[in-house]
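Chemist: Sharing run.txt, compact mmCIF, C-alpha atoms (C1' of nucleotides):
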# COMPACT_ATOMS: atom_id res chain seq x y z
CA MET W 241 -26.95 30.72 -122.25
CA ALA W 242 -25.80 31.40 -118.74
CA LYS W 243 -28.67 32.92 -116.84
CA ILE W 244 -27.82 35.52 -114.28
CA GLN W 245 -30.85 36.79 -112.41
CA SER W 246 -32.34 37.97 -109.15
CA LYS W 247 -31.05 40.39 -106.54
CA LYS W 248 -27.44 39.50 -105.87
CA ASN W 249 -24.87 37.83 -108.09
CA SER W 250 -26.49 34.46 -107.87
CA THR W 251 -28.26 32.07 -110.15
CA LYS W 252 -31.91 31.39 -109.52
CA LYS W 253 -30.83 27.87 -108.74
CA GLU W 254 -28.64 29.23 -105.97
CA VAL W 255 -31.52 31.28 -104.65
CA ILE W 256 -33.69 28.18 -104.59
CA ILE W 257 -31.08 26.20 -102.71
CA GLU W 258 -30.56 29.00 -100.25
CA LYS W 259 -34.27 29.35 -99.51
CA ALA W 260 -34.60 25.59 -99.37
CA SER W 261 -31.85 25.32 -96.80
CA LYS W 262 -33.75 27.63 -94.47
CA LEU W 263 -36.96 25.74 -95.04
CA PHE W 264 -35.43 22.31 -94.64
CA ARG W 265 -33.90 23.33 -91.35
CA GLU W 266 -37.08 24.83 -89.97
CA LYS W 267 -39.46 22.08 -90.98
CA GLY W 268 -37.25 19.15 -91.87
CA PHE W 269 -36.75 17.82 -95.37
CA GLY W 270 -39.82 15.60 -95.29
CA ALA W 271 -42.19 18.22 -93.97
CA ALA W 272 -41.05 21.00 -96.29
CA SER W 273 -43.07 21.00 -99.47
CA MET W 274 -42.14 22.22 -102.90
CA ARG W 275 -45.14 24.55 -102.92
CA ASP W 276 -43.89 25.94 -99.64
CA LEU W 277 -40.46 26.45 -101.13
CA ALA W 278 -41.89 27.98 -104.29
CA GLU W 279 -43.74 30.58 -102.26
CA HIS W 280 -40.54 31.65 -100.54
CA VAL W 281 -38.81 31.93 -103.89
CA GLY W 282 -41.74 33.92 -105.25
CA VAL W 283 -42.77 31.55 -107.99
CA GLU W 284 -45.14 28.67 -108.69
CA ALA W 285 -44.12 25.18 -107.62
CA ALA W 286 -43.88 23.84 -111.15
CA SER W 287 -41.52 26.64 -112.14
CA LEU W 288 -38.91 25.36 -109.75
CA TYR W 289 -38.32 22.47 -112.09
CA ASN W 290 -36.91 24.82 -114.72
CA HIS W 291 -33.91 25.14 -112.43
CA ILE W 292 -33.64 21.94 -110.46
CA GLN W 293 -34.32 18.32 -111.26
CA SER W 294 -35.94 17.17 -108.05
CA LYS W 295 -36.40 17.91 -104.40
CA ALA W 296 -33.77 15.35 -103.57
CA GLU W 297 -31.25 17.09 -105.79
CA ILE W 298 -31.42 20.12 -103.53
CA LEU W 299 -30.59 17.98 -100.54
CA GLN W 300 -27.72 16.33 -102.38
CA THR W 301 -26.28 19.66 -103.41
CA ILE W 302 -26.33 20.94 -99.86
CA CYS W 303 -24.98 17.79 -98.23
CA PHE W 304 -22.07 17.33 -100.60
CA LYS W 305 -21.19 21.00 -100.68
CA VAL W 306 -20.71 20.84 -96.93
CA ALA W 307 -18.92 17.51 -97.00
CA ASN W 308 -16.46 18.73 -99.61
CA GLU W 309 -15.75 21.89 -97.73
CA PHE W 310 -14.85 20.00 -94.58
CA MET W 311 -12.81 17.48 -96.49
CA THR W 312 -10.81 20.14 -98.27
CA ASN W 313 -9.99 21.80 -95.00
CA LEU W 314 -8.99 18.54 -93.39
CA GLU W 315 -6.50 17.84 -96.15
CA GLN W 316 -4.88 21.21 -95.60
CA VAL W 317 -4.61 20.62 -91.88
CA GLU W 318 -3.20 17.14 -92.35
CA VAL W 319 -0.21 18.30 -94.35
CA SER W 320 0.47 21.33 -92.15
CA ASN W 321 3.34 21.45 -89.70
CA GLN W 322 1.44 21.83 -86.47
CA SER W 323 1.37 19.76 -83.34
CA THR W 324 -1.49 17.28 -83.21
CA LEU W 325 -3.18 19.40 -80.56
CA LYS W 326 -3.00 22.45 -82.79
CA LYS W 327 -4.35 20.44 -85.67
CA MET W 328 -7.36 19.43 -83.67
CA GLU W 329 -7.79 22.98 -82.49
CA SER W 330 -7.76 24.23 -86.09
CA ILE W 331 -10.36 21.74 -87.07
CA ILE W 332 -12.56 22.56 -84.11
CA ARG W 333 -12.32 26.25 -84.87
CA LEU W 334 -13.25 25.71 -88.49
CA HIS W 335 -16.27 23.65 -87.51
CA ILE W 336 -17.45 26.31 -85.12
CA ARG W 337 -17.00 29.10 -87.64
CA MET W 338 -18.77 27.22 -90.37
CA MET W 339 -21.54 26.43 -87.95
CA LEU W 340 -21.90 30.10 -87.20
CA ASP W 341 -21.96 31.53 -90.69
CA GLN W 342 -23.30 28.65 -92.72
CA TYR W 343 -25.64 27.47 -90.06
CA GLU W 344 -28.46 26.24 -92.31
CA TYR W 345 -26.25 24.24 -94.63
CA ILE W 346 -24.31 22.53 -91.89
CA TYR W 347 -27.43 21.75 -89.95
CA ILE W 348 -28.98 20.00 -92.93
CA ALA W 349 -25.86 18.02 -93.74
CA ASP W 350 -25.83 17.03 -90.07
CA HIS W 351 -29.48 16.16 -89.60
CA GLU W 352 -31.23 15.59 -92.88
CA TRP W 353 -28.78 13.36 -94.72
CA ARG W 354 -30.97 10.38 -93.86
CA HIS W 355 -33.32 11.44 -96.64
CA LEU W 356 -30.69 11.26 -99.34
CA PRO W 357 -31.67 8.71 -101.98
CA GLU W 358 -29.26 5.97 -102.92
CA PRO W 359 -26.58 5.87 -104.12
CA TYR W 360 -25.93 9.30 -102.66
CA LEU W 361 -26.70 8.14 -99.17
CA SER W 362 -24.00 5.49 -99.18
CA ASN W 363 -21.63 7.89 -100.81
CA PHE W 364 -22.24 10.49 -98.14
CA LEU W 365 -21.85 8.03 -95.31
CA ASN W 366 -18.60 6.76 -96.76
CA GLN W 367 -17.25 10.27 -96.90
CA ARG W 368 -18.32 10.88 -93.35
CA ARG W 369 -16.77 7.68 -92.10
CA ASN W 370 -13.57 8.55 -93.88
CA TYR W 371 -13.53 12.02 -92.36
CA ARG W 372 -13.98 10.70 -88.86
CA LYS W 373 -11.40 8.04 -89.37
CA ARG W 374 -8.83 10.62 -90.34
CA LEU W 375 -9.69 12.82 -87.37
CA GLY W 376 -9.21 9.73 -85.23
CA ASP W 377 -5.80 9.18 -86.79
CA ILE W 378 -4.69 12.64 -85.74
CA ILE W 379 -5.75 11.95 -82.18
CA GLU W 380 -4.08 8.56 -82.24
CA GLU W 381 -0.88 10.24 -83.29
CA GLY W 382 -1.34 12.81 -80.55
CA ILE W 383 -1.60 10.07 -77.96
CA ALA W 384 1.44 8.26 -79.32
CA LYS W 385 3.44 11.47 -79.13
CA GLY W 386 2.31 12.04 -75.56
CA GLU W 387 0.51 15.26 -76.44
CA MET W 388 -2.92 13.93 -75.62
CA LYS W 389 -4.53 11.83 -72.93
CA HIS W 390 -4.96 8.15 -73.52
CA ILE W 391 -8.54 8.18 -74.79
CA ASP W 392 -10.33 6.09 -77.38
CA PRO W 393 -9.78 8.22 -80.50
CA TYR W 394 -13.16 7.40 -81.96
CA VAL W 395 -14.96 8.49 -78.80
CA ALA W 396 -12.97 11.70 -78.80
CA VAL W 397 -13.92 12.41 -82.40
CA LEU W 398 -17.53 11.72 -81.58
CA ILE W 399 -17.52 14.16 -78.69
CA ILE W 400 -15.85 16.90 -80.66
CA LEU W 401 -18.09 16.64 -83.68
CA SER W 402 -21.24 16.34 -81.61
CA ALA W 403 -20.26 19.28 -79.47
CA VAL W 404 -19.72 21.64 -82.38
CA SER W 405 -22.80 20.48 -84.19
CA GLY W 406 -24.79 21.14 -81.03
CA ILE W 407 -24.27 24.86 -81.49
CA ASP W 408 -27.57 24.87 -83.33
CA SER W 409 -29.53 24.98 -80.10
CA TRP W 410 -27.41 27.94 -79.09
CA GLN W 411 -28.44 29.99 -82.11
CA ARG W 412 -31.19 31.98 -80.45
CA SER W 413 -29.24 33.09 -77.42
CA ARG W 414 -26.62 34.75 -79.60
CA LYS W 415 -27.14 37.91 -77.66
CA THR W 416 -25.85 36.57 -74.36
CA THR W 417 -22.67 35.07 -75.75
CA GLY W 418 -20.70 36.57 -78.61
CA ALA W 419 -19.37 34.45 -81.43
CA GLU W 420 -15.71 34.83 -80.47
CA ALA W 421 -16.47 34.12 -76.84
CA LEU W 422 -18.34 31.00 -77.83
CA GLU W 423 -15.46 29.83 -79.97
CA SER W 424 -12.80 30.31 -77.34
CA ASN W 425 -14.94 28.77 -74.63
CA MET W 426 -15.61 25.72 -76.73
CA VAL W 427 -12.00 25.27 -77.70
CA LYS W 428 -10.94 25.67 -74.09
CA TYR W 429 -13.36 23.05 -72.92
CA LEU W 430 -12.75 20.59 -75.72
CA ILE W 431 -9.00 20.78 -75.30
CA GLU W 432 -8.58 21.19 -71.57
CA GLY W 433 -11.74 19.78 -70.04
CA LEU W 434 -13.95 20.88 -67.21
CA LYS W 435 -11.90 19.99 -64.17
CA LYS W 436 -9.53 22.55 -62.77
CA MET K 155 -62.15 -3.00 -69.30
CA ALA K 156 -58.42 -2.95 -69.02
CA LYS K 157 -57.08 -4.67 -72.08
CA ILE K 158 -53.92 -6.67 -71.57
CA GLN K 159 -52.71 -8.12 -74.81
CA SER K 160 -49.78 -9.08 -77.00
CA LYS K 161 -46.57 -10.88 -76.22
CA LYS K 162 -45.12 -9.31 -73.09
CA ASN K 163 -46.80 -7.56 -70.20
CA SER K 164 -47.63 -4.49 -72.20
CA THR K 165 -50.69 -2.75 -73.48
CA LYS K 166 -51.22 -2.59 -77.20
CA LYS K 167 -50.80 1.13 -76.83
CA GLU K 168 -47.35 0.52 -75.43
CA VAL K 169 -46.54 -1.78 -78.30
CA ILE K 170 -47.63 0.89 -80.75
CA ILE K 171 -45.46 3.50 -79.09
CA GLU K 172 -42.51 1.17 -79.00
CA LYS K 173 -42.79 0.30 -82.67
CA ALA K 174 -43.41 3.93 -83.49
CA SER K 175 -40.26 4.99 -81.71
CA LYS K 176 -38.19 2.73 -83.92
CA LEU K 177 -39.95 3.95 -87.02
CA PHE K 178 -39.73 7.62 -86.12
CA ARG K 179 -36.04 7.29 -85.53
CA GLU K 180 -35.36 5.47 -88.78
CA LYS K 181 -37.46 7.63 -91.06
CA GLY K 182 -38.17 10.75 -89.06
CA PHE K 183 -41.57 11.70 -87.71
CA GLY K 184 -42.74 13.33 -90.90
CA ALA K 185 -41.70 10.55 -93.22
CA ALA K 186 -43.07 7.72 -91.10
CA SER K 187 -46.66 6.98 -92.04
CA MET K 188 -49.43 5.50 -89.97
CA ARG K 189 -49.87 2.70 -92.51
CA ASP K 190 -46.21 1.97 -92.14
CA LEU K 191 -46.55 1.86 -88.39
CA ALA K 192 -49.68 -0.27 -88.59
CA GLU K 193 -47.84 -2.88 -90.63
CA HIS K 194 -45.14 -3.16 -88.00
CA VAL K 195 -47.77 -3.56 -85.31
CA GLY K 196 -49.54 -6.17 -87.42
CA VAL K 197 -52.82 -4.35 -87.87
CA GLU K 198 -54.62 -2.04 -90.28
CA ALA K 199 -53.93 1.68 -90.06
CA ALA K 200 -57.43 2.57 -88.94
CA SER K 201 -57.24 0.13 -86.06
CA LEU K 202 -54.45 2.10 -84.46
CA TYR K 203 -57.00 4.73 -83.56
CA ASN K 204 -58.67 2.36 -81.14
CA HIS K 205 -55.62 2.84 -78.96
CA ILE K 206 -54.24 6.25 -79.70
CA GLN K 207 -55.79 9.57 -80.53
CA SER K 208 -53.42 10.84 -83.18
CA LYS K 209 -49.98 10.50 -84.63
CA ALA K 210 -48.92 13.58 -82.71
CA GLU K 211 -49.99 11.99 -79.44
CA ILE K 212 -47.38 9.30 -79.92
CA LEU K 213 -44.70 11.92 -80.30
CA GLN K 214 -45.92 13.77 -77.23
CA THR K 215 -45.90 10.63 -75.15
CA ILE K 216 -42.34 9.83 -76.12
CA CYS K 217 -40.97 13.34 -75.73
CA PHE K 218 -42.47 13.98 -72.30
CA LYS K 219 -41.65 10.54 -70.99
CA VAL K 220 -38.01 11.28 -71.71
CA ALA K 221 -38.15 14.81 -70.41
CA ASN K 222 -39.71 13.71 -67.14
CA GLU K 223 -37.17 10.98 -66.64
CA PHE K 224 -34.29 13.40 -67.00
CA MET K 225 -35.95 15.96 -64.82
CA THR K 226 -36.59 13.48 -62.03
CA ASN K 227 -33.00 12.41 -62.05
CA LEU K 228 -31.76 15.97 -62.01
CA GLU K 229 -33.77 16.73 -58.91
CA GLN K 230 -32.21 13.78 -57.12
CA VAL K 231 -28.73 14.86 -58.08
CA GLU K 232 -29.36 18.45 -57.04
CA VAL K 233 -30.21 17.56 -53.45
CA SER K 234 -27.42 15.00 -53.10
CA ASN K 235 -24.27 15.70 -51.11
CA GLN K 236 -21.71 15.40 -53.86
CA SER K 237 -19.13 17.82 -55.15
CA THR K 238 -20.24 19.76 -58.19
CA LEU K 239 -17.85 17.73 -60.33
CA LYS K 240 -19.39 14.49 -59.09
CA LYS K 241 -22.83 15.88 -59.74
CA MET K 242 -21.96 16.60 -63.32
CA GLU K 243 -20.37 13.21 -63.65
CA SER K 244 -23.53 11.55 -62.37
CA ILE K 245 -25.63 13.42 -64.85
CA ILE K 246 -23.32 12.62 -67.71
CA ARG K 247 -23.32 8.95 -66.80
CA LEU K 248 -27.09 8.86 -66.64
CA HIS K 249 -27.38 10.48 -70.03
CA ILE K 250 -25.00 7.98 -71.55
CA ARG K 251 -26.77 5.01 -70.02
CA MET K 252 -30.18 6.20 -71.08
CA MET K 253 -28.82 6.82 -74.53
CA LEU K 254 -27.59 3.26 -74.65
CA ASP K 255 -30.64 1.39 -73.45
CA GLN K 256 -33.43 3.72 -74.47
CA TYR K 257 -31.80 4.85 -77.64
CA GLU K 258 -34.90 5.25 -79.76
CA TYR K 259 -36.82 7.30 -77.23
CA ILE K 260 -33.98 9.65 -76.43
CA TYR K 261 -33.17 10.12 -80.06
CA ILE K 262 -36.71 11.18 -80.83
CA ALA K 263 -36.93 13.56 -77.89
CA ASP K 264 -33.63 15.00 -79.10
CA HIS K 265 -34.37 15.30 -82.80
CA GLU K 266 -38.06 15.13 -83.54
CA TRP K 267 -39.49 17.50 -80.94
CA ARG K 268 -39.83 20.14 -83.64
CA HIS K 269 -42.92 18.34 -84.88
CA LEU K 270 -44.76 18.63 -81.59
CA PRO K 271 -47.96 20.63 -82.03
CA GLU K 272 -48.66 23.59 -79.80
CA PRO K 273 -49.04 23.97 -76.91
CA TYR K 274 -46.88 20.92 -76.31
CA LEU K 275 -44.02 22.37 -78.25
CA SER K 276 -43.72 25.42 -76.01
CA ASN K 277 -44.16 23.26 -72.97
CA PHE K 278 -41.37 20.96 -74.05
CA LEU K 279 -39.02 23.80 -74.87
CA ASN K 280 -39.69 25.39 -71.51
CA GLN K 281 -38.81 22.19 -69.74
CA ARG K 282 -35.66 21.86 -71.77
CA ARG K 283 -34.60 25.41 -71.11
CA ASN K 284 -35.23 24.88 -67.42
CA TYR K 285 -33.18 21.69 -67.41
CA ARG K 286 -30.25 23.35 -69.09
CA LYS K 287 -30.44 26.34 -66.82
CA ARG K 288 -30.17 24.12 -63.77
CA LEU K 289 -27.25 22.21 -65.22
CA GLY K 290 -25.63 25.57 -65.80
CA ASP K 291 -26.22 26.49 -62.19
CA ILE K 292 -24.32 23.44 -61.02
CA ILE K 293 -21.38 24.39 -63.20
CA GLU K 294 -21.54 27.97 -62.01
CA GLU K 295 -21.35 26.73 -58.46
CA GLY K 296 -18.43 24.49 -59.42
CA ILE K 297 -16.55 27.45 -60.80
CA ALA K 298 -17.29 29.56 -57.73
CA LYS K 299 -15.98 26.79 -55.50
CA GLY K 300 -12.85 26.48 -57.59
CA GLU K 301 -13.64 22.93 -58.62
CA MET K 302 -14.06 23.74 -62.26
CA LYS K 303 -12.30 25.86 -64.85
CA HIS K 304 -13.63 29.32 -65.58
CA ILE K 305 -15.82 28.52 -68.54
CA ASP K 306 -19.12 29.94 -69.71
CA PRO K 307 -21.57 27.56 -67.99
CA TYR K 308 -24.03 27.60 -70.83
CA VAL K 309 -21.37 26.64 -73.36
CA ALA K 310 -20.26 23.82 -71.09
CA VAL K 311 -23.81 22.52 -70.79
CA LEU K 312 -24.17 22.69 -74.53
CA ILE K 313 -21.03 20.67 -75.10
CA ILE K 314 -21.94 18.03 -72.57
CA LEU K 315 -25.48 17.51 -73.80
CA SER K 316 -24.47 17.54 -77.44
CA ALA K 317 -21.68 15.09 -76.81
CA VAL K 318 -23.84 12.51 -75.11
CA SER K 319 -26.65 12.90 -77.61
CA GLY K 320 -24.11 12.31 -80.36
CA ILE K 321 -23.75 8.71 -79.28
CA ASP K 322 -26.42 7.90 -81.83
CA SER K 323 -23.92 7.86 -84.64
CA TRP K 324 -21.86 5.46 -82.58
CA GLN K 325 -24.68 2.93 -82.35
CA ARG K 326 -23.56 0.70 -85.20
CA SER K 327 -19.95 0.34 -84.15
CA ARG K 328 -20.96 -1.10 -80.80
CA LYS K 329 -18.73 -4.04 -81.52
CA THR K 330 -15.51 -2.11 -81.46
CA THR K 331 -16.15 -0.29 -78.20
CA GLY K 332 -18.04 -1.78 -75.28
CA ALA K 333 -20.68 0.19 -73.44
CA GLU K 334 -18.66 0.56 -70.22
CA ALA K 335 -15.58 1.57 -72.15
CA LEU K 336 -17.58 4.18 -74.00
CA GLU K 337 -18.98 5.56 -70.79
CA SER K 338 -15.66 5.86 -69.01
CA ASN K 339 -13.99 7.34 -72.06
CA MET K 340 -16.68 9.95 -72.44
CA VAL K 341 -16.64 10.88 -68.79
CA LYS K 342 -12.87 11.11 -68.84
CA TYR K 343 -12.89 13.42 -71.83
CA LEU K 344 -15.77 15.58 -70.69
CA ILE K 345 -14.29 16.08 -67.25
CA GLU K 346 -10.58 16.19 -67.93
CA GLY K 347 -10.25 17.22 -71.56
CA LEU K 348 -8.03 16.13 -74.40
CA LYS K 349 -4.73 17.74 -73.48
CA LYS K 350 -2.33 15.79 -71.33
C1' DA B 200 -77.18 -15.70 -70.54
C1' DA B 201 -77.49 -10.67 -71.45
C1' DA B 202 -75.33 -6.32 -71.93
C1' DA B 203 -71.49 -3.75 -72.84
C1' DA B 204 -67.27 -2.65 -74.02
C1' DA B 205 -63.06 -3.44 -76.86
C1' DC B 206 -61.09 -3.84 -81.11
C1' DG B 207 -60.43 -5.60 -85.63
C1' DC B 208 -61.89 -4.74 -90.38
C1' DT B 209 -63.20 -2.19 -95.11
C1' DA B 210 -64.23 2.02 -97.40
C1' DA B 211 -63.84 6.48 -97.86
C1' DC B 212 -62.77 11.47 -97.06
C1' DA B 213 -60.41 15.74 -98.01
C1' DA B 214 -56.09 17.52 -98.30
C1' DG B 215 -51.47 17.50 -99.66
C1' DT B 216 -47.38 15.26 -102.08
C1' DG B 217 -43.65 15.56 -106.00
C1' DT B 218 -43.68 15.98 -110.59
C1' DT B 219 -44.91 16.31 -115.82
C1' DA B 220 -47.19 18.28 -120.03
C1' DG B 221 -48.16 21.91 -122.62
C1' DT B 222 -48.63 26.87 -123.51
C1' DC B 223 -47.01 31.44 -124.07
C1' DA B 224 -44.32 35.74 -123.28
C1' DA B 225 -39.78 37.55 -122.52
C1' DT B 226 -35.17 37.40 -123.44
C1' DT B 227 -30.96 36.02 -125.72
C1' DT B 228 -28.43 34.33 -129.70
C1' DT B 229 -27.76 34.12 -134.51
C1' DA T 248 -35.28 40.79 -137.88
C1' DA T 249 -35.55 35.75 -137.27
C1' DA T 250 -34.72 31.85 -134.57
C1' DA T 251 -33.95 29.70 -130.44
C1' DT T 252 -33.77 29.33 -125.77
C1' DT T 253 -35.37 30.47 -121.04
C1' DG T 254 -38.51 30.38 -117.67
C1' DA T 255 -42.89 31.61 -115.93
C1' DC T 256 -47.66 30.04 -115.91
C1' DT T 257 -52.10 26.72 -115.43
C1' DA T 258 -53.81 22.06 -115.17
C1' DA T 259 -53.45 17.90 -114.11
C1' DC T 260 -51.54 13.26 -112.81
C1' DA T 261 -51.06 9.51 -109.70
C1' DC T 262 -50.28 8.73 -105.18
C1' DT T 263 -49.80 9.23 -100.17
C1' DT T 264 -51.15 11.51 -96.03
C1' DG T 265 -53.86 11.36 -91.25
C1' DT T 266 -58.16 10.36 -89.88
C1' DT T 267 -63.35 9.12 -89.45
C1' DA T 268 -67.64 6.27 -90.05
C1' DG T 269 -69.75 2.26 -89.64
C1' DC T 270 -70.05 -2.67 -89.32
C1' DG T 271 -69.18 -7.06 -87.15
C1' DT T 272 -66.84 -10.17 -84.06
C1' DT T 273 -64.58 -11.25 -79.97
C1' DT T 274 -63.88 -10.52 -75.15
C1' DT T 275 -65.14 -8.80 -70.70
C1' DT T 276 -68.45 -7.34 -67.16
C1' DT T 277 -72.82 -7.81 -64.99
Mind turning this structure into structure tokens?
Modeler:
Amino acid sequence: MAKIQSKKNSTKKEVIIEKASKLFREKGFGAASMRDLAEHVGVEAASLYNHIQSKAEILQTICFKVANEFMTNLEQVEVSNQSTLKKMESIIRLHIRMMLDQYEYIYIADHEWRHLPEPYLSNFLNQRRNYRKRLGDIIEEGIAKGEMKHIDPYVAVLIILSAVSGIDSWQRSRKTTGAEALESNMVKYLIEGLKK
Amino acid sequence: MAKIQSKKNSTKKEVIIEKASKLFREKGFGAASMRDLAEHVGVEAASLYNHIQSKAEILQTICFKVANEFMTNLEQVEVSNQSTLKKMESIIRLHIRMMLDQYEYIYIADHEWRHLPEPYLSNFLNQRRNYRKRLGDIIEEGIAKGEMKHIDPYVAVLIILSAVSGIDSWQRSRKTTGAEALESNMVKYLIEGLKK
DNA sequence: AAAAAACGCTAACAAGTGTTAGTCAATTTT
DNA sequence: AAAATTGACTAACACTTGTTAGCGTTTTTT
């Protein structure tokens, strides 16, 4: 019944999704074709449909996998006993780390969600709005407690999320800056700012 | 010879590019079709080719228009007699303002440049790399002069550019935050940080 | 008024799209 | 060993893609 195949301990479906994530990032969801994907998997295009239901399903799987991962983490941070600043720092660090070692997935959830079919699109956007709202609440609390500057919480959330998601254009110059250095530099900036 | 048409003082070619920019942003370059565009312009698809050479040409026009605008501004800032912090502030403010009133164009130059055909793609990436390098130089100078924190300049540039380009997901909630408020909040954060 | 250019249209092209139907060998379950 | 499932294949479908050819009308230039 359960079909375990291919190189590593992964279903063929997982292999397809993994290859698709690379392809979707390189070419964009719309420009990546199933025949293209099939070639990377080493199979004919029609054979893909023995494992998946549609092209869109792949996108859904990726987007919601990412969304759930972030949401789960947020819930853990919310109930933890840290200062609001530390909470934000934890979240920032998680985003950076996920960006670094699940680059393709995060990129797609960040940039290709527009191509989700309804009702998944609305669902995804609701989750995203909810996530941002709750990040904003942490910042609001931080301001009220005098731990943070008086800044529009929504703008702050926007800056933080955009900044970490922008790591994608850093990808190629990995050599010049190490991963840990990048992380600490980003945290430093996002918490303490540019001005001395 | 010169053909001045349509509502405002704009060539039909300009109308096409304007409509295209909205379409490309909504659907992505790959998913937006010429027939789709033609309908928005109020013409048959084939007729578009009396004004443009190809779909790709539209993308090129948009991307390089934006790139040149930013580059021109950077050159002005570079030769000005401001502190490095003020220089960065000027640049940040310009980015935010352009994002607000040329949203569609900037978005496309930010997100759809991948679909540029060679040799335009390389050209565009070179310009972008150059732009970022020079922003980094300003920050490097700021650090050397003790005006800025000791932070990897490239990471700082990344954060700043990503943050301003992230305004796109703010677009719909314009009502809650005014444009000036957004600008001052972003500048405040990006210069002074989150921590009090 | 004549010549030329601009610009809309319809029809068509070659190529590519996601996806389904149906067949057959390999593998797993009974 | 028999039966059932899995999963690969080829062919094909209905449709969309960007783009060109060619015709005819309107607008501009001479």
Chemist: I need the contact residues of chain W against chain T, so if you could list those with any atom within 8 Å, counting all atoms listed in the file, and return them as a count of residues only, that would help.
Modeler: 5
Chemist: At a cut-off of 7 Å, using all atoms listed in the file, what residues contact range 311-327 of chain W? Leave out same-chain residues fewer than 5 positions from it and give the result as a list in words.
Modeler: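 Here the answer would be Tyr371, Ile378, Ile379, Gly382 and Glu387 of chain W.
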Chemist: Output C-alpha atoms for every residue in the selection just made, as a tab-separated table (two decimals), in the frame of the given file.
Modeler:
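The resulting file, again_39.tsv, is reproduced below:
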chain	number	residue	atom	x	y	z
W	371	TYR	CA	-13.53	12.02	-92.36
W	378	ILE	CA	-4.69	12.64	-85.74
W	379	ILE	CA	-5.75	11.95	-82.18
W	382	GLY	CA	-1.34	12.81	-80.55
W	387	GLU	CA	0.51	15.26	-76.44
Chemist: Define the interface residues of chain B facing chain K as those within 9 Å, counting all atoms listed in the file, and report them as a list of chain:residue names.
Modeler: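 The selection requested is B:DA204, B:DA205, B:DC206, B:DG207, B:DC208.
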Chemist: Report the distance between CA of Asp322 in chain K and CA of Asp190 in chain K in Å, rounded to one decimal place.
Modeler: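 Between CA of Asp322 in chain K and CA of Asp190 in chain K the gap is 23.1 Å.
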Chemist: I need the residue nearest chain K from this list: W:Val404, W:Ile256, W:Leu375, W:Ala419. Use all atoms listed in the file for the distance.
Modeler: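 The shortest atom-to-atom distance to chain K comes from W:Val404.
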